[in-house]
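As stored in entry26.csv (CSV, C-alpha atoms and all ligand atoms):
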chain,number,residue,atom,x,y,z
A,1465,MET,CA,25.7,20.4,10.1
A,1466,PHE,CA,23.2,21.1,12.9
A,1467,ASP,CA,21.2,24.1,12.0
A,1468,ILE,CA,19.4,25.7,15.0
A,1469,ASP,CA,16.9,27.7,12.8
A,1470,GLN,CA,16.0,24.6,10.8
A,1471,GLU,CA,15.5,22.6,14.0
A,1472,GLN,CA,13.3,25.3,15.5
A,1473,ARG,CA,11.2,25.5,12.4
A,1474,ARG,CA,10.8,21.8,12.4
A,1475,GLY,CA,9.8,21.8,16.0
A,1476,ALA,CA,7.2,24.5,15.4
A,1477,ALA,CA,5.8,22.7,12.4
A,1478,TYR,CA,5.5,19.4,14.4
A,1479,GLU,CA,3.8,21.4,17.2
A,1480,ALA,CA,1.4,23.0,14.7
A,1481,ALA,CA,0.4,19.6,13.3
A,1482,ARG,CA,-0.2,18.4,16.8
A,1483,GLY,CA,-2.6,21.3,17.3
A,1484,ARG,CA,-4.3,20.8,14.0
A,1485,TYR,CA,-4.7,17.0,13.8
A,1486,ASN,CA,-6.1,15.0,16.7
A,1487,THR,CA,-7.1,12.1,14.4
A,1488,THR,CA,-6.1,10.4,11.2
A,1489,THR,CA,-9.6,11.2,10.0
A,1490,GLU,CA,-8.6,14.9,9.9
A,1491,LEU,CA,-5.4,14.3,8.1
A,1492,ILE,CA,-7.3,12.4,5.4
A,1493,ALA,CA,-10.0,15.1,5.1
A,1494,ASP,CA,-7.3,17.8,4.8
A,1495,ALA,CA,-5.3,15.9,2.2
A,1496,GLN,CA,-8.3,15.3,0.1
A,1497,LYS,CA,-9.1,19.1,0.1
A,1498,ARG,CA,-5.6,20.2,-0.5
A,1499,LEU,CA,-4.6,17.7,-3.2
A,1500,GLY,CA,-7.5,18.1,-5.7
A,1501,ASP,CA,-9.3,15.3,-7.5
A,1502,GLN,CA,-6.5,14.2,-9.8
A,1503,ARG,CA,-3.7,13.8,-7.2
A,1504,TRP,CA,-6.2,12.4,-4.7
A,1505,ASP,CA,-7.3,9.7,-7.1
A,1506,TYR,CA,-3.7,8.8,-8.0
A,1507,ILE,CA,-3.1,8.1,-4.3
A,1508,ALA,CA,-6.5,6.6,-3.3
A,1509,GLY,CA,-7.3,4.5,-6.3
A,1510,GLY,CA,-6.7,0.9,-7.4
A,1511,THR,CA,-6.9,-1.1,-10.6
A,1512,GLU,CA,-10.0,-1.6,-12.7
A,1513,SER,CA,-12.9,-2.6,-10.3
A,1514,GLU,CA,-10.7,-2.0,-7.3
A,1515,ALA,CA,-11.6,-5.4,-5.9
A,1516,SER,CA,-8.0,-6.1,-4.6
A,1517,LEU,CA,-8.0,-2.8,-2.9
A,1518,LYS,CA,-11.3,-3.4,-1.2
A,1519,ARG,CA,-10.2,-6.9,-0.2
A,1520,ASN,CA,-7.2,-5.5,1.7
A,1521,ARG,CA,-9.7,-3.7,3.9
A,1522,MET,CA,-12.2,-6.6,3.9
A,1523,GLY,CA,-9.5,-9.0,5.2
A,1524,ILE,CA,-8.5,-6.7,8.0
A,1525,ASP,CA,-12.1,-5.8,8.9
A,1526,SER,CA,-13.1,-9.5,9.0
A,1527,LEU,CA,-10.9,-10.1,12.1
A,1528,ALA,CA,-11.8,-9.2,15.6
A,1529,LEU,CA,-9.5,-8.8,18.6
A,1530,ARG,CA,-10.0,-10.8,21.8
A,1531,PRO,CA,-8.6,-9.0,24.9
A,1532,ARG,CA,-7.3,-10.3,28.2
A,1533,VAL,CA,-7.8,-8.4,31.4
A,1534,MET,CA,-6.5,-8.0,35.0
A,1535,ARG,CA,-2.8,-7.8,33.9
A,1536,ASN,CA,-0.3,-5.2,34.8
A,1537,VAL,CA,0.1,-3.2,31.6
A,1538,LEU,CA,1.9,-0.2,33.0
A,1539,ASN,CA,5.0,-0.7,30.8
A,1540,THR,CA,3.8,-1.2,27.2
A,1541,ASP,CA,6.6,-1.2,24.7
A,1542,THR,CA,5.6,-0.5,21.0
A,1543,SER,CA,9.1,-1.0,19.6
A,1544,ARG,CA,10.4,-3.9,17.5
A,1545,GLU,CA,13.8,-5.0,16.2
A,1546,PHE,CA,14.0,-5.0,12.3
A,1547,LEU,CA,17.2,-5.8,10.3
A,1548,GLY,CA,19.4,-5.3,13.3
A,1549,ARG,CA,18.0,-2.0,14.5
A,1550,ARG,CA,15.3,-1.2,17.0
A,1551,GLN,CA,12.3,0.7,15.5
A,1552,ARG,CA,10.0,2.8,17.6
A,1553,LEU,CA,6.9,1.2,16.1
A,1554,PRO,CA,6.5,-2.2,14.3
A,1555,LEU,CA,6.1,-0.4,10.9
A,1556,PHE,CA,8.0,1.3,8.1
A,1557,LEU,CA,7.0,3.7,5.3
A,1558,ALA,CA,6.4,1.7,2.1
A,1559,PRO,CA,7.9,2.9,-1.2
A,1560,VAL,CA,5.8,5.5,-2.9
A,1561,GLY,CA,6.7,6.8,-6.3
A,1562,GLY,CA,6.0,10.3,-7.5
A,1563,LEU,CA,6.1,11.9,-4.0
A,1564,HIS,CA,7.4,15.0,-5.6
A,1565,THR,CA,4.1,15.4,-7.4
A,1566,ILE,CA,2.3,15.4,-4.1
A,1567,CYS,CA,4.4,17.9,-2.2
A,1568,ASP,CA,7.5,20.1,-2.9
A,1569,GLY,CA,10.5,18.3,-1.4
A,1570,GLY,CA,9.1,14.9,-2.4
A,1571,ALA,CA,10.6,11.8,-0.7
A,1572,ALA,CA,12.9,14.0,1.4
A,1573,LEU,CA,10.0,14.9,3.6
A,1574,PRO,CA,8.7,11.5,4.8
A,1575,ALA,CA,12.4,10.4,5.0
A,1576,ARG,CA,13.2,13.1,7.5
A,1577,ALA,CA,10.0,12.5,9.4
A,1578,ALA,CA,10.7,8.8,9.6
A,1579,ARG,CA,14.2,9.3,10.9
A,1580,GLU,CA,13.1,12.0,13.4
A,1581,PHE,CA,10.5,9.6,14.7
A,1582,GLY,CA,12.6,6.4,14.6
A,1583,VAL,CA,11.1,4.2,11.9
A,1584,ASP,CA,12.5,3.1,8.5
A,1585,PHE,CA,11.7,4.8,5.2
A,1586,MET,CA,11.8,2.8,2.0
A,1587,GLN,CA,12.6,5.1,-0.9
A,1588,SER,CA,11.0,4.2,-4.2
A,1589,SER,CA,13.4,4.3,-7.2
A,1590,VAL,CA,10.7,6.4,-9.1
A,1591,THR,CA,10.5,9.4,-6.9
A,1592,GLU,CA,12.5,12.6,-6.5
A,1593,PRO,CA,14.9,13.6,-5.1
A,1594,GLY,CA,17.5,10.9,-5.8
A,1595,MET,CA,19.2,8.4,-3.6
A,1596,GLN,CA,22.0,10.7,-2.3
A,1597,GLU,CA,19.6,13.3,-0.9
A,1598,VAL,CA,17.1,10.9,0.5
A,1599,SER,CA,19.6,8.6,2.1
A,1600,ALA,CA,21.1,11.7,3.8
A,1601,GLU,CA,17.7,12.6,5.2
A,1602,ALA,CA,16.7,9.1,6.3
A,1603,GLY,CA,20.1,8.4,7.9
A,1604,ASP,CA,20.2,5.0,9.6
A,1605,HIS,CA,16.5,4.4,8.6
A,1606,TRP,CA,17.1,4.2,4.8
A,1607,LEU,CA,15.8,1.3,2.8
A,1608,PHE,CA,15.7,1.3,-1.0
A,1609,GLN,CA,13.2,-0.2,-3.5
A,1610,LEU,CA,14.0,-0.8,-7.1
A,1611,TYR,CA,11.8,-1.2,-10.2
A,1612,VAL,CA,13.9,-3.1,-12.6
A,1613,PHE,CA,14.5,-1.1,-15.8
A,1614,GLY,CA,17.7,-2.7,-16.9
A,1615,ASP,CA,19.8,-5.9,-17.1
A,1616,PHE,CA,21.7,-7.4,-14.2
A,1617,ASN,CA,24.6,-4.9,-14.5
A,1618,TRP,CA,22.1,-2.1,-14.2
A,1619,ILE,CA,20.7,-3.7,-11.1
A,1620,ARG,CA,24.1,-4.3,-9.6
A,1621,ASP,CA,25.0,-0.7,-10.1
A,1622,TYR,CA,22.0,0.4,-8.0
A,1623,MET,CA,22.9,-2.2,-5.4
A,1624,LEU,CA,26.5,-0.9,-5.1
A,1625,ARG,CA,25.4,2.7,-5.0
A,1626,SER,CA,22.9,2.1,-2.3
A,1627,ILE,CA,25.4,0.1,-0.3
A,1628,ASP,CA,27.9,3.0,-0.6
A,1629,LEU,CA,25.1,5.3,0.8
A,1630,GLY,CA,24.6,3.0,3.8
A,1631,VAL,CA,21.3,1.2,2.8
A,1632,LYS,CA,19.9,-1.1,5.5
A,1633,GLY,CA,17.8,-3.2,3.1
A,1634,PHE,CA,17.5,-3.4,-0.7
A,1635,CYS,CA,14.1,-4.3,-2.2
A,1636,VAL,CA,13.0,-5.3,-5.6
A,1637,THR,CA,9.3,-5.0,-6.5
A,1638,VAL,CA,8.2,-8.1,-8.4
A,1639,ASP,CA,4.4,-7.6,-8.8
A,1640,SER,CA,4.6,-5.0,-11.6
A,1641,ASP,CA,5.6,-6.7,-14.8
A,1642,HIS,CA,3.2,-4.4,-16.5
A,1643,TYR,CA,1.7,-1.1,-15.3
A,1644,SER,CA,-1.9,-1.8,-14.6
A,1645,ARG,CA,-5.1,-0.1,-15.8
A,1646,ARG,CA,-6.0,2.3,-13.1
A,1647,GLU,CA,-9.3,3.7,-14.2
A,1648,ARG,CA,-9.4,6.7,-12.0
A,1649,ASN,CA,-6.2,7.9,-13.7
A,1650,LEU,CA,-7.3,6.8,-17.2
A,1651,ILE,CA,-10.5,8.8,-16.9
A,1652,ARG,CA,-8.7,11.9,-15.7
A,1653,HIS,CA,-6.0,11.4,-18.5
A,1654,LEU,CA,-3.3,11.2,-15.9
A,1655,ASP,CA,-0.2,9.2,-16.9
A,1656,ALA,CA,1.7,9.1,-13.6
A,1657,ARG,CA,4.8,7.8,-15.5
A,1658,ALA,CA,4.8,10.7,-18.0
A,1659,ASP,CA,5.4,13.2,-15.1
A,1660,ASN,CA,8.2,11.0,-13.8
A,1661,PRO,CA,11.4,10.5,-15.8
A,1662,ARG,CA,12.6,7.9,-13.3
A,1663,GLY,CA,9.4,5.9,-13.9
A,1664,ARG,CA,9.8,5.6,-17.7
A,1665,GLY,CA,11.5,2.5,-19.0
A,1666,ASP,CA,11.0,-0.6,-21.0
A,1667,PRO,CA,8.9,-3.1,-18.9
A,1668,LYS,CA,10.7,-6.0,-20.7
A,1669,TRP,CA,13.4,-6.0,-18.0
A,1670,ARG,CA,10.9,-6.5,-15.2
A,1671,GLN,CA,9.2,-9.2,-17.3
A,1672,GLN,CA,12.5,-11.0,-17.6
A,1673,PHE,CA,13.5,-10.7,-13.9
A,1674,ASP,CA,13.5,-14.2,-12.5
A,1675,TRP,CA,15.3,-16.4,-9.9
A,1676,ASP,CA,18.5,-16.6,-12.1
A,1677,VAL,CA,18.8,-12.8,-11.9
A,1678,PHE,CA,18.1,-12.8,-8.2
A,1679,ASP,CA,20.7,-15.4,-7.6
A,1680,LYS,CA,23.3,-13.2,-9.2
A,1681,MET,CA,22.1,-10.3,-7.0
A,1682,ARG,CA,22.6,-12.5,-4.0
A,1683,GLN,CA,26.3,-13.0,-5.0
A,1684,VAL,CA,26.9,-9.3,-5.1
A,1685,SER,CA,26.6,-8.6,-1.4
A,1686,ASP,CA,25.2,-10.0,1.9
A,1687,ILE,CA,23.0,-6.8,2.5
A,1688,PRO,CA,19.4,-7.7,3.4
A,1689,LEU,CA,17.5,-8.4,0.2
A,1690,MET,CA,13.7,-8.1,0.1
A,1691,LEU,CA,11.2,-9.1,-2.6
A,1692,LYS,CA,8.0,-7.1,-2.6
A,1693,GLY,CA,4.8,-8.4,-4.0
A,1694,ILE,CA,4.8,-12.0,-2.7
A,1695,MET,CA,1.2,-13.3,-2.5
A,1696,ARG,CA,1.6,-17.1,-2.5
A,1697,PRO,CA,3.3,-19.6,-0.2
A,1698,GLU,CA,5.0,-21.3,-3.2
A,1699,ASP,CA,6.8,-18.1,-4.0
A,1700,ALA,CA,7.6,-17.5,-0.3
A,1701,GLU,CA,9.2,-21.0,-0.2
A,1702,LEU,CA,11.3,-20.1,-3.2
A,1703,CYS,CA,12.3,-16.8,-1.5
A,1704,THR,CA,13.7,-18.8,1.4
A,1705,GLN,CA,15.5,-21.3,-0.9
A,1706,HIS,CA,17.2,-18.4,-2.8
A,1707,GLY,CA,18.3,-16.5,0.2
A,1708,VAL,CA,15.8,-13.7,0.4
A,1709,ASP,CA,16.0,-12.1,3.8
A,1710,VAL,CA,12.6,-10.4,3.8
A,1711,VAL,CA,9.5,-11.7,2.2
A,1712,TYR,CA,7.4,-8.7,1.5
A,1713,ILE,CA,3.7,-9.6,1.2
A,1714,SER,CA,1.9,-7.0,-0.9
A,1715,ASN,CA,-0.7,-6.7,-3.7
A,1716,HIS,CA,0.6,-3.2,-4.3
A,1717,GLY,CA,-2.3,-1.7,-2.3
A,1718,GLY,CA,-4.7,-3.1,-5.0
A,1719,ARG,CA,-2.9,-1.0,-7.6
A,1720,GLN,CA,-1.6,-3.9,-9.8
A,1721,LEU,CA,-3.5,-7.2,-10.3
A,1722,ASP,CA,-7.2,-6.7,-9.7
A,1723,HIS,CA,-9.4,-9.4,-8.3
A,1724,GLY,CA,-6.6,-10.8,-6.1
A,1725,LEU,CA,-6.9,-11.6,-2.4
A,1726,GLY,CA,-6.4,-9.1,0.3
A,1727,SER,CA,-2.8,-9.2,1.5
A,1728,ILE,CA,-3.7,-10.0,5.1
A,1729,GLU,CA,-5.7,-13.0,3.8
A,1730,VAL,CA,-2.6,-14.7,2.6
A,1731,LEU,CA,-0.4,-13.8,5.6
A,1732,PRO,CA,-1.0,-16.9,7.7
A,1733,GLU,CA,-0.1,-19.3,4.9
A,1734,ILE,CA,3.0,-17.4,4.0
A,1735,VAL,CA,4.2,-17.2,7.6
A,1736,GLU,CA,3.7,-21.0,7.7
A,1737,ALA,CA,5.6,-21.5,4.5
A,1738,VAL,CA,8.5,-19.3,5.6
A,1739,ALA,CA,8.7,-21.0,9.0
A,1740,GLY,CA,11.1,-18.5,10.5
A,1741,ARG,CA,13.7,-18.8,7.7
A,1742,ALA,CA,13.1,-15.1,6.6
A,1743,ARG,CA,11.4,-12.0,8.0
A,1744,VAL,CA,7.9,-11.5,6.8
A,1745,VAL,CA,6.6,-7.9,6.2
A,1746,ILE,CA,3.2,-6.9,4.8
A,1747,ASP,CA,1.3,-3.9,3.4
A,1748,GLY,CA,-2.1,-3.3,2.0
A,1749,GLY,CA,-4.9,-1.4,3.7
A,1750,PHE,CA,-3.2,-0.7,7.0
A,1751,LEU,CA,-4.5,2.6,8.4
A,1752,ARG,CA,-4.9,2.1,12.1
A,1753,GLY,CA,-3.2,0.7,15.2
A,1754,THR,CA,-5.6,-2.2,15.5
A,1755,ASP,CA,-5.0,-3.1,11.8
A,1756,ILE,CA,-1.2,-3.3,12.5
A,1757,LEU,CA,-1.7,-5.4,15.6
A,1758,LYS,CA,-3.8,-7.8,13.7
A,1759,ALA,CA,-1.0,-8.5,11.2
A,1760,LEU,CA,1.5,-8.9,14.0
A,1761,ILE,CA,-0.7,-11.4,15.7
A,1762,LEU,CA,-0.9,-13.4,12.5
A,1763,GLY,CA,2.9,-13.5,12.4
A,1764,ALA,CA,4.1,-10.5,10.4
A,1765,ASP,CA,7.4,-8.9,11.7
A,1766,MET,CA,6.5,-5.5,10.3
A,1767,VAL,CA,3.7,-3.6,8.5
A,1768,ALA,CA,4.3,-1.0,5.9
A,1769,LEU,CA,2.2,2.1,5.0
A,1770,GLY,CA,1.7,3.3,1.5
A,1771,LYS,CA,-1.5,5.4,1.1
A,1772,LEU,CA,-1.5,6.7,4.7
A,1773,GLN,CA,2.1,8.0,4.2
A,1774,ALA,CA,1.2,9.7,0.9
A,1775,ILE,CA,-1.9,11.2,2.4
A,1776,ALA,CA,0.0,12.6,5.4
A,1777,VAL,CA,2.5,14.1,3.0
A,1778,GLY,CA,-0.4,15.6,1.0
A,1779,ALA,CA,-1.9,17.1,4.2
A,1780,ALA,CA,1.1,18.6,5.9
A,1781,GLY,CA,4.4,17.4,4.4
A,1782,GLU,CA,7.0,16.3,6.8
A,1783,ALA,CA,5.0,17.4,9.9
A,1784,GLY,CA,2.0,15.5,8.6
A,1785,VAL,CA,3.9,12.3,8.4
A,1786,HIS,CA,5.4,12.8,11.8
A,1787,ARG,CA,1.9,13.5,13.3
A,1788,MET,CA,0.5,10.4,11.5
A,1789,LEU,CA,3.2,8.3,13.2
A,1790,GLU,CA,2.5,9.9,16.6
A,1791,ILE,CA,-1.2,9.1,16.3
A,1792,LEU,CA,-0.4,5.5,15.3
A,1793,GLU,CA,1.9,5.2,18.3
A,1794,GLU,CA,-0.8,6.4,20.6
A,1795,GLU,CA,-3.3,4.0,19.1
A,1796,ILE,CA,-0.9,1.0,19.3
A,1797,SER,CA,0.1,1.8,22.8
A,1798,ILE,CA,-3.5,2.1,24.0
A,1799,ASP,CA,-4.6,-1.0,22.1
A,1800,MET,CA,-1.8,-3.0,23.7
A,1801,LYS,CA,-3.0,-2.0,27.1
A,1802,LEU,CA,-6.6,-2.8,26.3
A,1803,LEU,CA,-5.5,-6.2,24.9
A,1804,GLY,CA,-3.6,-6.9,28.1
A,1805,VAL,CA,0.0,-7.1,26.8
A,1806,ASN,CA,3.2,-5.1,27.5
A,1807,LYS,CA,5.3,-6.5,24.7
A,1808,LEU,CA,4.4,-7.1,21.0
A,1809,ASP,CA,5.9,-10.5,21.3
A,1810,ASP,CA,3.3,-11.5,23.9
A,1811,LEU,CA,0.6,-11.3,21.2
A,1812,ASP,CA,-0.4,-14.8,19.9
A,1813,ALA,CA,-3.2,-16.3,17.8
A,1814,SER,CA,-5.5,-16.4,20.8
A,1815,TYR,CA,-5.9,-12.6,20.5
A,1816,LEU,CA,-7.7,-12.8,17.2
A,1817,THR,CA,-10.8,-14.4,15.7
A,1818,ASN,CA,-12.9,-14.2,12.5
A,1819,ALA,CA,-15.8,-11.8,12.5
A,1820,GLN,CA,-18.2,-9.9,10.2
A,1821,PRO,CA,-17.0,-6.5,9.1
A,1822,THR,CA,-19.1,-3.7,10.6
A,1823,GLU,CA,-18.9,-1.5,7.4
A,1824,ALA,CA,-19.0,-2.4,3.8
A,1825,PRO,CA,-15.2,-2.5,3.0
A,1826,SER,CA,-13.9,0.4,0.9
A,1827,VAL,CA,-10.6,2.2,0.8
A,1828,PHE,CA,-11.4,4.4,3.8
A,1829,SER,CA,-14.2,2.4,5.5
A,1830,THR,CA,-12.3,2.4,8.7
A,1831,PHE,CA,-12.8,6.1,9.0
A,1832,PRO,CA,-16.7,6.4,9.1
A,1833,LEU,CA,-16.5,9.9,10.4
A,1834,LEU,CA,-15.2,11.0,7.0
A,1835,ARG,CA,-18.8,10.5,5.7
A,1836,TYR,CA,-20.1,12.6,8.5
A,1837,TRP,CA,-17.6,15.3,7.6
A,1838,GLY,CA,-18.6,15.3,4.0
A,1839,MET,CA,-22.2,15.6,4.9
A,1840,ARG,CA,-21.5,18.4,7.3
A,1841,GLU,CA,-19.5,20.3,4.7
A,1842,LYS,CA,-22.4,19.9,2.2
A,1843,GLY,CA,-24.8,21.2,4.8
A,1844,GLU,CA,-26.6,17.9,5.0
A,1845,LEU,CA,-26.2,17.7,8.8
B,1901,LIG,C1,0.8,6.8,-4.6
B,1901,LIG,C2,1.4,5.5,-4.5
B,1901,LIG,C3,2.6,5.2,-5.2
B,1901,LIG,C4,3.3,4.0,-5.1
B,1901,LIG,N1,4.5,3.8,-5.7
B,1901,LIG,C5,5.1,2.6,-5.5
B,1901,LIG,C6,6.5,2.4,-5.9
B,1901,LIG,O1,7.1,3.3,-6.5
B,1901,LIG,N2,7.1,1.2,-5.7
B,1901,LIG,C7,6.4,0.2,-5.1
B,1901,LIG,O2,7.0,-0.9,-4.9
B,1901,LIG,N3,5.2,0.4,-4.6
B,1901,LIG,C8,4.5,1.5,-4.8
B,1901,LIG,N4,3.3,1.7,-4.2
B,1901,LIG,C9,2.7,0.6,-3.4
B,1901,LIG,C10,3.1,0.8,-2.0
B,1901,LIG,O3,4.5,0.5,-1.8
B,1901,LIG,C11,2.4,-0.3,-1.1
B,1901,LIG,O4,2.6,-1.6,-1.6
B,1901,LIG,C12,0.9,0.0,-1.0
B,1901,LIG,O5,0.6,1.4,-1.1
B,1901,LIG,C13,0.3,-0.6,0.3
B,1901,LIG,O6,-1.0,-0.5,0.4
B,1901,LIG,P1,-1.7,0.8,1.2
B,1901,LIG,O7,-1.6,1.9,0.2
B,1901,LIG,O8,-3.1,0.3,1.4
B,1901,LIG,O9,-0.9,1.0,2.4
B,1901,LIG,C14,2.7,3.0,-4.3
B,1901,LIG,C15,1.5,3.2,-3.6
B,1901,LIG,C16,0.9,4.5,-3.7
B,1901,LIG,C17,-0.4,4.7,-2.9

Mind turning this structure into structure tokens?
Amino acid sequence: MFDIDQEQRRGAAYEAARGRYNTTTELIADAQKRLGDQRWDYIAGGTESEASLKRNRMGIDSLALRPRVMRNVLNTDTSREFLGRRQRLPLFLAPVGGLHTICDGGAALPARAAREFGVDFMQSSVTEPGMQEVSAEAGDHWLFQLYVFGDFNWIRDYMLRSIDLGVKGFCVTVDSDHYSRRERNLIRHLDARADNPRGRGDPKWRQQFDWDVFDKMRQVSDIPLMLKGIMRPEDAELCTQHGVDVVYISNHGGRQLDHGLGSIEVLPEIVEAVAGRARVVIDGGFLRGTDILKALILGADMVALGKLQAIAVGAAGEAGVHRMLEILEEEISIDMKLLGVNKLDDLDASYLTNAQPTEAPSVFSTFPLLRYWGMREKGEL
């Protein structure tokens, strides 16, 4: 039911976030302050040496844009069609487990912000609240991601429940056959799974998940199926052979296998292998409008946001996520004008070239003002 008070409160919170955050830099600085070291490190960290995490950024920062000029760019359109529905931006919110440990209300908050804004929200199976509540918040923008903790019947049960709740795409994460050694968490004695009943389960089921099980899933329904964690063209080719609708390129934000490639580094070969037979989406290190446009130029249909979403939740809950999306929209729209295109489909390989990164890649190297901020806070400036 439409609740006027609730709508007014939401409007006021969105307005307050507009007043408070002009930039993503400020959202990040605020989240870091509010969350405290342990929760911050859970969000920001990667596995072991964090090489995969840094390569996500290195891959993006090693590409430069090549603009065209003298074109009429009065009517830039940042929207894109995905799984049969138009999205206001070419992105969706990636599955993030444990959102309830970051903010009261958990996954319901980014789900609502995504629906209000007009982009998809992919719910992780290891976050609170459950599917019923979150699907109601996300409405037509609800996607669901499953970690496999059971046999085929267990998976089918999740599929059928999500179909009942109106899911627009069902995703299985396949890069997590074992939880990795995340040293920031280990040093702080944080076991993210211990705080999270949905996240506890025998990893043997994930270790046994293979194409035979997927083939049985494909028989259950024709809803769009996505596999998350594809990093090689051979696996992308198998995806298309087995009827995967969306090949989801991801190294889990550098949180699973260390010393892998950055996800954008494998995008061109995977787009080539898929050759239009499935949609290709990607995540890993995407934090700015220019980052997202680079992936689209290389052939991604959509880009997903993990850390940035969790940070926005940590800074200001639902309003923080909505503001983060507004800032990205402004960046993408301005970037399109400066590149000389009105439509995302007008971008092609000629708009991109290889280049040296301008900063040593690290998780937030694309926000150099954070350093300035830290120095100012410490009185060093
Ligand atoms: C705090 C946190 C929790 C995550 N939980 C999940 C999860 O439950 N399921 C999943 O498939 N991926 C999970 N991921 C990975 C994201 O879906 C995504 O692949 C990754 O964050 C993308 O990289 P980015 O953080 O640089 O955007 C998580 C990521 C973060 C930061």

Residue neighbourhood region 1657-1664 of chain A, 10 Å, all atoms listed in the file, exclusion window fewer than 6 positions, as a count of residues only | 13

Dump the neighbourhood of ligand LIG 1901 (chain B) as a PDB file with C-alpha atoms, keeping the file's coordinate frame: all residues within 8 Å, distances computed on only C-alpha atoms and all ligand atoms.
ATOM      1  CA  TYR A1506      -3.700   8.800  -8.000  1.00  0.00           C
ATOM      2  CA  ILE A1507      -3.100   8.100  -4.300  1.00  0.00           C
ATOM      3  CA  ALA A1508      -6.500   6.600  -3.300  1.00  0.00           C
ATOM      4  CA  GLY A1509      -7.300   4.500  -6.300  1.00  0.00           C
ATOM      5  CA  LEU A1517      -8.000  -2.800  -2.900  1.00  0.00           C
ATOM      6  CA  ASN A1520      -7.200  -5.500   1.700  1.00  0.00           C
ATOM      7  CA  ALA A1558       6.400   1.700   2.100  1.00  0.00           C
ATOM      8  CA  PRO A1559       7.900   2.900  -1.200  1.00  0.00           C
ATOM      9  CA  VAL A1560       5.800   5.500  -2.900  1.00  0.00           C
ATOM     10  CA  GLY A1561       6.700   6.800  -6.300  1.00  0.00           C
ATOM     11  CA  GLY A1562       6.000  10.300  -7.500  1.00  0.00           C
ATOM     12  CA  LEU A1563       6.100  11.900  -4.000  1.00  0.00           C
ATOM     13  CA  SER A1588      11.000   4.200  -4.200  1.00  0.00           C
ATOM     14  CA  SER A1589      13.400   4.300  -7.200  1.00  0.00           C
ATOM     15  CA  VAL A1590      10.700   6.400  -9.100  1.00  0.00           C
ATOM     16  CA  THR A1591      10.500   9.400  -6.900  1.00  0.00           C
ATOM     17  CA  GLN A1609      13.200  -0.200  -3.500  1.00  0.00           C
ATOM     18  CA  LEU A1610      14.000  -0.800  -7.100  1.00  0.00           C
ATOM     19  CA  TYR A1611      11.800  -1.200 -10.200  1.00  0.00           C
ATOM     20  CA  VAL A1636      13.000  -5.300  -5.600  1.00  0.00           C
ATOM     21  CA  THR A1637       9.300  -5.000  -6.500  1.00  0.00           C
ATOM     22  CA  LYS A1692       8.000  -7.100  -2.600  1.00  0.00           C
ATOM     23  CA  GLY A1693       4.800  -8.400  -4.000  1.00  0.00           C
ATOM     24  CA  SER A1714       1.900  -7.000  -0.900  1.00  0.00           C
ATOM     25  CA  ASN A1715      -0.700  -6.700  -3.700  1.00  0.00           C
ATOM     26  CA  HIS A1716       0.600  -3.200  -4.300  1.00  0.00           C
ATOM     27  CA  GLY A1717      -2.300  -1.700  -2.300  1.00  0.00           C
ATOM     28  CA  GLY A1718      -4.700  -3.100  -5.000  1.00  0.00           C
ATOM     29  CA  ARG A1719      -2.900  -1.000  -7.600  1.00  0.00           C
ATOM     30  CA  ASP A1747       1.300  -3.900   3.400  1.00  0.00           C
ATOM     31  CA  GLY A1748      -2.100  -3.300   2.000  1.00  0.00           C
ATOM     32  CA  GLY A1749      -4.900  -1.400   3.700  1.00  0.00           C
ATOM     33  CA  PHE A1750      -3.200  -0.700   7.000  1.00  0.00           C
ATOM     34  CA  LEU A1751      -4.500   2.600   8.400  1.00  0.00           C
ATOM     35  CA  ALA A1768       4.300  -1.000   5.900  1.00  0.00           C
ATOM     36  CA  LEU A1769       2.200   2.100   5.000  1.00  0.00           C
ATOM     37  CA  GLY A1770       1.700   3.300   1.500  1.00  0.00           C
ATOM     38  CA  LYS A1771      -1.500   5.400   1.100  1.00  0.00           C
ATOM     39  CA  LEU A1772      -1.500   6.700   4.700  1.00  0.00           C
ATOM     40  CA  GLN A1773       2.100   8.000   4.200  1.00  0.00           C
ATOM     41  CA  ALA A1774       1.200   9.700   0.900  1.00  0.00           C
ATOM     42  CA  VAL A1827     -10.600   2.200   0.800  1.00  0.00           C
TER      43      VAL A1827
END

Non-local contacts of region 1533-1542 of chain A (6 Å; all atoms listed in the file; under 4 positions in same chain excluded) as a list in words =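 Surrounding residues, per the criterion: Leu1553, Lys1801, Gly1804, Asn1806 and Lys1807 of chain A.
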
Computed interatomic separation between CA of Arg1670 (chain A) and CA of Ile1619 (chain A) (Å) |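 CA of Arg1670 (chain A) sits 11.0 Å away from CA of Ile1619 (chain A).
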
Within 9 Å of Arg1482 (chain A), counting all atoms listed in the file, which residues qualify if same-chain residues fewer than 5 places away don't, as a count of residues only?
-> 5

Skip Gly1630 (chain A) itself and residues of its chain fewer than 6 positions away, then list as number ranges by chain all residues within 8 Å of it, counting only C-alpha atoms.
-> A: 1599, 1604, 1606

Got a sec: who's within 10 Å of Asp1686 (chain A), counting all atoms listed in the file, leaving out chain neighbours fewer than 3 positions off, as a ChimeraX atom specification?
-> /A:1681-1683,1689,1707,1709

Export, as a PDB file, keeping the file's coordinate frame, the selected residues with C-alpha atoms.
ATOM      1  CA  MET A1681      22.100 -10.300  -7.000  1.00  0.00           C
ATOM      2  CA  ARG A1682      22.600 -12.500  -4.000  1.00  0.00           C
ATOM      3  CA  GLN A1683      26.300 -13.000  -5.000  1.00  0.00           C
ATOM      4  CA  LEU A1689      17.500  -8.400   0.200  1.00  0.00           C
ATOM      5  CA  GLY A1707      18.300 -16.500   0.200  1.00  0.00           C
ATOM      6  CA  ASP A1709      16.000 -12.100   3.800  1.00  0.00           C
TER       7      ASP A1709
END
